>>> print(open('model.txt').read())   # compact mmCIF, C-alpha atoms and all ligand atoms
# COMPACT_ATOMS: atom_id res chain seq x y z
CA MET A 7 146.94 126.86 96.62
CA THR A 8 145.73 125.21 99.80
CA ASN A 9 148.23 122.95 101.48
CA LEU A 10 146.83 119.41 101.27
CA GLY A 11 149.94 117.78 102.69
CA SER A 12 152.42 115.65 100.77
CA GLU A 13 150.91 112.40 102.04
CA PHE A 14 147.95 112.76 99.64
CA SER A 15 148.42 111.87 95.97
CA ASP A 16 146.32 113.74 93.39
CA GLY A 17 144.37 110.56 92.65
CA TYR A 18 143.56 110.02 96.32
CA VAL A 19 142.41 113.62 96.76
CA GLN A 20 140.21 113.33 93.68
CA SER A 21 138.58 110.11 94.82
CA ILE A 22 137.82 111.56 98.28
CA ARG A 23 136.29 114.68 96.70
CA GLN A 24 134.18 112.60 94.33
CA ASP A 25 132.78 110.46 97.14
CA TYR A 26 132.17 113.45 99.40
CA ASP A 27 130.44 115.49 96.68
CA ARG A 28 128.20 112.55 95.82
CA ASP A 29 127.35 111.35 99.36
CA GLY A 30 127.69 114.55 101.39
CA CYS A 31 129.72 112.61 103.92
CA TYR A 32 133.10 110.92 104.31
CA VAL A 33 134.79 108.78 106.96
CA PHE A 34 138.51 108.99 107.74
CA ARG A 35 139.82 106.21 109.95
CA GLU A 36 142.51 106.70 112.64
CA VAL A 37 142.91 110.43 112.18
CA ILE A 38 144.35 110.57 115.66
CA PRO A 39 145.99 107.62 117.42
CA ARG A 40 143.51 105.48 119.32
CA ASP A 41 145.30 105.83 122.68
CA ARG A 42 145.42 109.60 122.30
CA ALA A 43 141.70 109.68 121.48
CA PHE A 44 140.89 107.70 124.64
CA GLU A 45 143.00 110.11 126.75
CA LEU A 46 141.27 113.12 125.22
CA GLY A 47 137.93 111.40 125.77
CA VAL A 48 138.59 111.06 129.50
CA GLU A 49 139.40 114.78 129.75
CA LEU A 50 136.44 115.81 127.60
CA LYS A 51 133.96 113.67 129.50
CA GLN A 52 135.05 115.18 132.81
CA LEU A 53 134.75 118.74 131.47
CA ILE A 54 131.29 118.06 130.05
CA LEU A 55 129.87 116.18 133.05
CA ASP A 56 131.17 118.88 135.43
CA ARG A 57 128.96 121.36 133.55
CA ASN A 58 125.93 119.05 133.61
CA THR A 59 124.12 120.75 130.70
CA ASP A 60 121.41 118.56 129.15
CA VAL A 61 120.95 119.63 125.53
CA GLN A 62 118.15 117.39 124.33
CA TRP A 63 116.06 119.15 121.72
CA ASP A 64 112.51 120.36 122.28
CA GLY A 65 109.81 118.81 120.17
CA GLU A 66 107.46 115.91 119.65
CA PHE A 67 110.09 113.53 118.23
CA ILE A 68 110.30 111.85 121.65
CA ASP A 69 107.49 111.17 124.09
CA SER A 70 107.48 112.52 127.64
CA LYS A 71 108.76 109.28 129.21
CA GLU A 72 111.73 109.11 126.85
CA ARG A 73 112.44 112.79 127.39
CA ALA A 74 112.47 112.30 131.16
CA ASN A 75 114.72 109.23 131.02
CA SER A 76 117.26 110.18 128.35
CA LYS A 77 120.05 112.76 128.46
CA ILE A 78 122.64 114.32 126.13
CA PHE A 79 125.34 116.52 127.65
CA ASP A 80 127.43 118.97 125.66
CA MET A 81 129.93 121.79 126.03
CA HIS A 82 130.84 124.48 123.50
CA GLU A 83 134.29 125.94 122.71
CA VAL A 84 136.17 123.23 124.62
CA HIS A 85 139.51 124.64 123.40
CA GLU A 86 139.01 127.73 125.58
CA VAL A 87 139.59 125.68 128.72
CA SER A 88 141.84 122.89 127.39
CA ASN A 89 145.24 123.17 125.71
CA ASN A 90 144.78 119.64 124.40
CA PHE A 91 141.63 120.65 122.52
CA GLU A 92 143.25 123.85 121.27
CA ALA A 93 145.98 121.60 119.80
CA LEU A 94 143.31 119.34 118.31
CA ARG A 95 141.58 122.33 116.70
CA ARG A 96 144.86 122.98 114.88
CA ASP A 97 145.83 119.35 114.22
CA PRO A 98 147.26 118.99 110.67
CA GLN A 99 145.98 115.40 110.40
CA ILE A 100 142.44 116.70 110.86
CA LEU A 101 142.70 120.00 108.99
CA SER A 102 144.50 118.69 105.90
CA ARG A 103 141.66 116.20 105.42
CA LEU A 104 138.95 118.80 105.95
CA ALA A 105 140.72 121.05 103.41
CA ILE A 106 140.29 118.27 100.84
CA LEU A 107 136.54 118.08 101.52
CA LEU A 108 136.08 121.86 101.43
CA GLY A 109 138.37 122.27 98.42
CA GLY A 110 140.26 125.17 100.02
CA PRO A 111 141.21 126.88 103.28
CA VAL A 112 139.54 125.76 106.50
CA VAL A 113 137.74 128.54 108.40
CA TYR A 114 136.60 127.94 111.97
CA HIS A 115 132.97 128.15 113.11
CA HIS A 116 132.57 126.40 116.51
CA ASN A 117 133.34 123.22 118.39
CA LYS A 118 131.45 121.16 120.93
CA GLY A 119 131.97 117.99 122.92
CA PHE A 120 129.17 115.47 123.53
CA VAL A 121 128.54 112.78 126.08
CA LYS A 122 125.65 110.44 125.44
CA PRO A 123 125.69 108.59 128.73
CA GLY A 124 125.34 104.82 128.81
CA ALA A 125 122.38 103.12 130.47
CA HIS A 126 122.20 103.35 134.28
CA GLY A 127 118.90 102.18 135.76
CA ASP A 128 116.14 103.89 133.74
CA THR A 129 118.45 106.58 132.34
CA TYR A 130 120.31 106.42 129.01
CA GLY A 131 121.82 108.61 126.28
CA GLY A 132 119.28 110.48 124.14
CA LYS A 133 118.72 110.78 120.41
CA PHE A 134 118.75 113.45 117.71
CA PRO A 135 115.91 113.52 115.14
CA PRO A 136 116.72 113.66 111.39
CA HIS A 137 117.93 117.17 110.57
CA GLN A 138 120.21 119.32 108.48
CA ASP A 139 122.54 121.70 110.32
CA TYR A 140 121.61 124.51 107.89
CA PRO A 141 118.70 125.94 109.99
CA PHE A 142 121.03 126.35 112.99
CA PHE A 143 123.63 128.42 111.08
CA PRO A 144 122.57 129.24 107.52
CA HIS A 145 125.53 129.90 105.22
CA TYR A 146 125.73 130.95 101.59
CA ASN A 147 126.76 128.21 99.12
CA TYR A 148 126.59 125.53 101.85
CA ASN A 149 130.31 124.71 101.72
CA MET A 150 130.47 124.02 105.42
CA LEU A 151 130.81 120.76 107.33
CA ALA A 152 130.70 119.09 110.71
CA ALA A 153 133.61 116.78 111.55
CA ILE A 154 132.93 114.44 114.46
CA ILE A 155 135.96 112.81 116.05
CA TYR A 156 135.30 109.75 118.16
CA MET A 157 136.83 109.76 121.62
CA THR A 158 135.49 106.30 122.44
CA ASP A 159 134.69 103.36 120.20
CA ILE A 160 131.10 103.88 119.02
CA THR A 161 129.09 100.72 118.37
CA GLU A 162 125.56 100.31 116.98
CA ASP A 163 123.99 100.20 120.46
CA MET A 164 125.68 103.47 121.53
CA GLY A 165 123.57 105.77 119.32
CA PRO A 166 126.06 106.40 116.51
CA VAL A 167 125.40 109.14 113.96
CA LYS A 168 123.33 107.96 110.98
CA VAL A 169 123.80 109.83 107.73
CA PHE A 170 121.57 109.85 104.62
CA PRO A 171 123.92 109.76 101.63
CA GLY A 172 123.05 112.21 98.85
CA SER A 173 120.49 114.08 101.00
CA HIS A 174 122.52 117.31 100.72
CA THR A 175 122.06 117.73 96.98
CA ASP A 176 118.61 119.42 97.06
CA GLY A 177 119.72 122.13 99.51
CA PRO A 178 117.84 123.11 102.67
CA ARG A 179 114.64 121.10 103.20
CA GLN A 180 111.25 121.78 104.72
CA THR A 181 111.36 121.28 108.49
CA ALA A 182 108.58 120.11 110.82
CA GLU A 183 106.26 122.99 111.80
CA GLY A 184 108.15 125.41 114.07
CA ARG A 185 111.08 122.98 114.54
CA PRO A 186 114.63 122.80 113.19
CA TYR A 187 114.33 119.09 112.39
CA ILE A 188 112.65 117.09 109.61
CA ASP A 189 109.59 114.92 110.12
CA ALA A 190 110.90 111.45 111.02
CA SER A 191 108.60 109.73 108.49
CA GLU A 192 110.64 111.27 105.64
CA PHE A 193 113.97 109.77 106.73
CA LEU A 194 113.88 106.22 108.01
CA PRO A 195 116.91 104.93 109.96
CA GLU A 196 117.12 101.83 107.74
CA ASP A 197 117.95 104.07 104.75
CA ALA A 198 120.91 105.69 106.55
CA LEU A 199 124.59 104.81 106.76
CA THR A 200 125.37 104.00 110.39
CA MET A 201 128.66 105.61 111.34
CA THR A 202 130.04 103.17 113.88
CA GLY A 203 133.77 103.57 114.44
CA LYS A 204 136.78 103.43 116.70
CA ALA A 205 138.27 106.07 118.96
CA GLY A 206 140.32 108.33 116.67
CA ASP A 207 138.07 108.00 113.60
CA MET A 208 136.48 111.09 112.04
CA VAL A 209 133.18 111.37 110.16
CA ALA A 210 132.51 114.57 108.24
CA PHE A 211 129.27 115.71 106.62
CA ASN A 212 127.97 118.73 104.74
CA LEU A 213 125.73 121.45 106.21
CA ASN A 214 122.76 120.06 104.25
CA THR A 215 123.36 116.34 104.75
CA VAL A 216 120.46 114.89 106.73
CA HIS A 217 121.67 113.04 109.84
CA MET A 218 120.29 111.70 113.09
CA SER A 219 121.37 109.49 115.96
CA GLY A 220 119.63 106.93 118.14
CA PRO A 221 119.72 106.38 121.90
CA ASN A 222 122.70 104.99 123.78
CA LYS A 223 121.34 101.85 125.42
CA SER A 224 124.78 100.31 125.97
CA LEU A 225 126.59 100.38 129.30
CA MET A 226 129.36 102.60 127.87
CA ASP A 227 129.32 106.40 127.64
CA ARG A 228 129.57 107.72 124.06
CA VAL A 229 132.09 110.61 123.90
CA SER A 230 132.74 112.68 120.76
CA TRP A 231 134.05 116.08 119.69
CA LEU A 232 132.55 118.06 116.82
CA LEU A 233 134.45 120.67 114.82
CA GLN A 234 132.31 122.88 112.55
CA VAL A 235 134.27 124.53 109.73
CA LYS A 236 133.66 126.21 106.38
CA HIS A 237 135.25 127.43 103.17
CA PRO A 238 135.99 131.20 103.09
CA ASP A 239 133.30 131.61 100.37
CA ALA A 240 130.59 130.23 102.67
CA LYS A 241 129.38 133.49 104.18
CA ASN A 242 127.24 133.57 107.29
CA LEU A 243 123.72 134.67 106.26
CA THR A 244 122.73 135.85 109.75
CA GLU A 245 123.86 138.57 112.15
CA TYR A 246 124.82 136.05 114.85
CA ARG A 247 128.54 135.20 115.20
CA GLU A 248 130.05 132.37 117.24
CA PRO A 249 132.73 133.59 119.69
CA ASN A 250 135.72 132.49 117.59
CA GLU A 251 134.08 132.29 114.18
CA GLY A 252 136.12 133.25 111.12
CA GLU A 253 139.57 132.24 112.30
CA VAL A 254 141.54 130.64 109.45
CA LEU A 255 142.76 127.28 110.77
CA TRP A 256 144.37 126.00 107.56
CA SER A 257 145.28 127.81 104.37
O1 LIG B 301 126.56 113.52 117.76
C1 LIG B 301 125.43 113.36 117.30
O2 LIG B 301 124.75 112.39 117.53
C2 LIG B 301 124.85 114.39 116.33
C3 LIG B 301 125.03 115.80 116.76
C4 LIG B 301 124.39 116.75 115.81
O3 LIG B 301 123.90 116.35 114.79
C5 LIG B 301 124.36 118.19 116.07
O4 LIG B 301 124.84 118.63 117.13
O5 LIG B 301 123.85 118.94 115.21
FE FE B 302 123.51 118.01 113.44
>>> encode(input="model.txt", output="structure tokens", more="lines below")
Ligand SMILES: O=C(O)CCC(=O)C(=O)O
Ligand SMILES: [Fe+2]
Amino acid sequence: MTNLGSEFSDGYVQSIRQDYDRDGCYVFREVIPRDRAFELGVELKQLILDRNTDVQWDGEFIDSKERANSKIFDMHEVHEVSNNFEALRRDPQILSRLAILLGGPVVYHHNKGFVKPGAHGDTYGGKFPPHQDYPFFPHYNYNMLAAIIYMTDITEDMGPVKVFPGSHTDGPRQTAEGRPYIDASEFLPEDALTMTGKAGDMVAFNLNTVHMSGPNKSLMDRVSWLLQVKHPDAKNLTEYREPNEGEVLWS
């Protein structure tokens, strides 16, 4: 029996599972204290900007001007250089909630921090086209999720994640020719749930839930940390393994 923590009543667990199974996404507010999230955000931003790796995706979903002017910085396996992020990877407040969504033990896949920089002159934080995460790391039975923890407040103008509720139910979808993302005409931003939130909030979504995010045109940098985890039954369908994949974080 997976430890779901005594703070959750059976009724609460059931209602979370019902919503998550139906929508393919769930938001937990204040999973870590706001002040702590801001502190972690300062550390994460420094680590990411020091590495200066722009990870905007290839493809025709942005024109050449937008590609030249917008940036997204990321860093993988943050916990390998930060004790604070190693503690966060093992945080019971986070893992007990993810265990509810997965319906069992929480097995690690990877983590990454993001900075979508705010607008400075012509430059601003870039966007992600509508996509499922499945093509990046295909797993059997799809019981895998991304949990994004906000390290700053994230408002509408900061390029928050937008999630299409129920889009996970038909499994992996056709992608644009030769690309990992879905043609933008099939998923219009106005049909999505916009996941604005406060530092310390966590949004989680299934491997097959279609999501996207817009540009950061605000003056504030958008900082977030993504933890990708899975149920033990969700077997990796490829040969590739992430460096720390398979570690049981919560059982
Ligand atoms: O943080 C975001 O805007 C989305 C990131 C994302 O979807 C991904 O890395 O696959
Ligand atoms: Fe994604």
>>> atom_distance(input="model.txt", atom1="atom CA of Leu107 of chain A", atom2="atom CA of Tyr246 of chain A")
25.3 Å
>>> residues_near_ligand(input="model.txt", ligand="ligand LIG 301 (chain B)", cutoff="10 Å", atoms="all atoms listed in the file", output="JSON list (two decimals) with C-alpha atoms, in the frame of the given file")
[["chain", "number", "residue", "atom", "x", "y", "z"],
["A", 61, "VAL", "CA", 120.95, 119.63, 125.53],
["A", 62, "GLN", "CA", 118.15, 117.39, 124.33],
["A", 63, "TRP", "CA", 116.06, 119.15, 121.72],
["A", 78, "ILE", "CA", 122.64, 114.32, 126.13],
["A", 80, "ASP", "CA", 127.43, 118.97, 125.66],
["A", 117, "ASN", "CA", 133.34, 123.22, 118.39],
["A", 118, "LYS", "CA", 131.45, 121.16, 120.93],
["A", 119, "GLY", "CA", 131.97, 117.99, 122.92],
["A", 120, "PHE", "CA", 129.17, 115.47, 123.53],
["A", 121, "VAL", "CA", 128.54, 112.78, 126.08],
["A", 122, "LYS", "CA", 125.65, 110.44, 125.44],
["A", 131, "GLY", "CA", 121.82, 108.61, 126.28],
["A", 132, "GLY", "CA", 119.28, 110.48, 124.14],
["A", 133, "LYS", "CA", 118.72, 110.78, 120.41],
["A", 134, "PHE", "CA", 118.75, 113.45, 117.71],
["A", 135, "PRO", "CA", 115.91, 113.52, 115.14],
["A", 136, "PRO", "CA", 116.72, 113.66, 111.39],
["A", 137, "HIS", "CA", 117.93, 117.17, 110.57],
["A", 138, "GLN", "CA", 120.21, 119.32, 108.48],
["A", 139, "ASP", "CA", 122.54, 121.70, 110.32],
["A", 140, "TYR", "CA", 121.61, 124.51, 107.89],
["A", 142, "PHE", "CA", 121.03, 126.35, 112.99],
["A", 152, "ALA", "CA", 130.70, 119.09, 110.71],
["A", 153, "ALA", "CA", 133.61, 116.78, 111.55],
["A", 154, "ILE", "CA", 132.93, 114.44, 114.46],
["A", 155, "ILE", "CA", 135.96, 112.81, 116.05],
["A", 156, "TYR", "CA", 135.30, 109.75, 118.16],
["A", 164, "MET", "CA", 125.68, 103.47, 121.53],
["A", 165, "GLY", "CA", 123.57, 105.77, 119.32],
["A", 166, "PRO", "CA", 126.06, 106.40, 116.51],
["A", 167, "VAL", "CA", 125.40, 109.14, 113.96],
["A", 168, "LYS", "CA", 123.33, 107.96, 110.98],
["A", 169, "VAL", "CA", 123.80, 109.83, 107.73],
["A", 187, "TYR", "CA", 114.33, 119.09, 112.39],
["A", 201, "MET", "CA", 128.66, 105.61, 111.34],
["A", 211, "PHE", "CA", 129.27, 115.71, 106.62],
["A", 213, "LEU", "CA", 125.73, 121.45, 106.21],
["A", 216, "VAL", "CA", 120.46, 114.89, 106.73],
["A", 217, "HIS", "CA", 121.67, 113.04, 109.84],
["A", 218, "MET", "CA", 120.29, 111.70, 113.09],
["A", 219, "SER", "CA", 121.37, 109.49, 115.96],
["A", 220, "GLY", "CA", 119.63, 106.93, 118.14],
["A", 221, "PRO", "CA", 119.72, 106.38, 121.90],
["A", 222, "ASN", "CA", 122.70, 104.99, 123.78],
["A", 228, "ARG", "CA", 129.57, 107.72, 124.06],
["A", 229, "VAL", "CA", 132.09, 110.61, 123.90],
["A", 230, "SER", "CA", 132.74, 112.68, 120.76],
["A", 231, "TRP", "CA", 134.05, 116.08, 119.69],
["A", 232, "LEU", "CA", 132.55, 118.06, 116.82],
["A", 234, "GLN", "CA", 132.31, 122.88, 112.55]]
>>> atom_distance(input="model.txt", atom1="atom CA of Val254 of chain A", atom2="atom CA of Cys31 of chain A")
22.3 Å
>>> closest_residue(input="model.txt", among="A:Val37, A:Ala190, A:Leu255, A:Ile160", to="His237 of chain A", atoms="all atoms listed in the file")
A:Leu255
>>> atom_distance(input="model.txt", atom1="atom CA of Glu66 of chain A", atom2="atom CA of Thr161 of chain A")
26.5 Å
>>> residues_around(input="model.txt", residues="segment 89-94 of chain A", least_positions_apart="6", cutoff="10 Å", atoms="only C-alpha atoms", output="JSON, numbers by chain")
{"A": [38, 45, 46, 49, 50, 83, 100, 101, 117, 231, 233]}
>>> write_last_selection(input="model.txt", atoms="C-alpha atoms", output="mmCIF file, in the frame of the given file")
data_model
loop_
_atom_site.group_PDB
_atom_site.id
_atom_site.type_symbol
_atom_site.label_atom_id
_atom_site.label_comp_id
_atom_site.auth_asym_id
_atom_site.auth_seq_id
_atom_site.Cartn_x
_atom_site.Cartn_y
_atom_site.Cartn_z
ATOM 1 C CA ILE A 38 144.350 110.570 115.660
ATOM 2 C CA GLU A 45 143.000 110.110 126.750
ATOM 3 C CA LEU A 46 141.270 113.120 125.220
ATOM 4 C CA GLU A 49 139.400 114.780 129.750
ATOM 5 C CA LEU A 50 136.440 115.810 127.600
ATOM 6 C CA GLU A 83 134.290 125.940 122.710
ATOM 7 C CA ILE A 100 142.440 116.700 110.860
ATOM 8 C CA LEU A 101 142.700 120.000 108.990
ATOM 9 C CA ASN A 117 133.340 123.220 118.390
ATOM 10 C CA TRP A 231 134.050 116.080 119.690
ATOM 11 C CA LEU A 233 134.450 120.670 114.820
#
>>> closest_residue(input="model.txt", among="A:Asp207, A:Asp64, A:Asp16, A:Asp239", to="Gln99 of chain A", atoms="all atoms listed in the file")
A:Asp207
>>> closest_residue(input="model.txt", among="A:Thr215, A:Ser76, A:Tyr26, A:Phe193", to="ligand FE 302 (chain B)", atoms="all atoms listed in the file")
A:Thr215
>>> closest_residue(input="model.txt", among="A:Lys236, A:Met226, A:Leu199, A:Asn214", to="ligand FE 302 (chain B)", atoms="all atoms listed in the file")
A:Asn214
>>> closest_residue(input="model.txt", among="A:Trp256, A:Tyr148, A:Tyr32, A:Phe14", to="Tyr114 of chain A", atoms="all atoms listed in the file")
A:Trp256
>>> closest_residue(input="model.txt", among="A:Pro141, A:Gly109, A:Gly203, A:Pro238", to="Thr181 of chain A", atoms="all atoms listed in the file")
A:Pro141
>>> axis_aligned_box(input="model.txt", around="segment 31-36 of chain A", padding_each_side="6 Å", output="lines of an AutoDock Vina configuration file")
center_x = 136.1
center_y = 109.4
center_z = 108.3
size_x = 24.8
size_y = 18.4
size_z = 20.7
>>> residues_around(input="model.txt", residues="Glu13 of chain A", least_positions_apart="4", cutoff="12 Å", atoms="all atoms listed in the file", output="list in words")
Asn9, Gly17, Tyr18, Val19, Pro98, Gln99, Ser102 and Arg103 of chain A
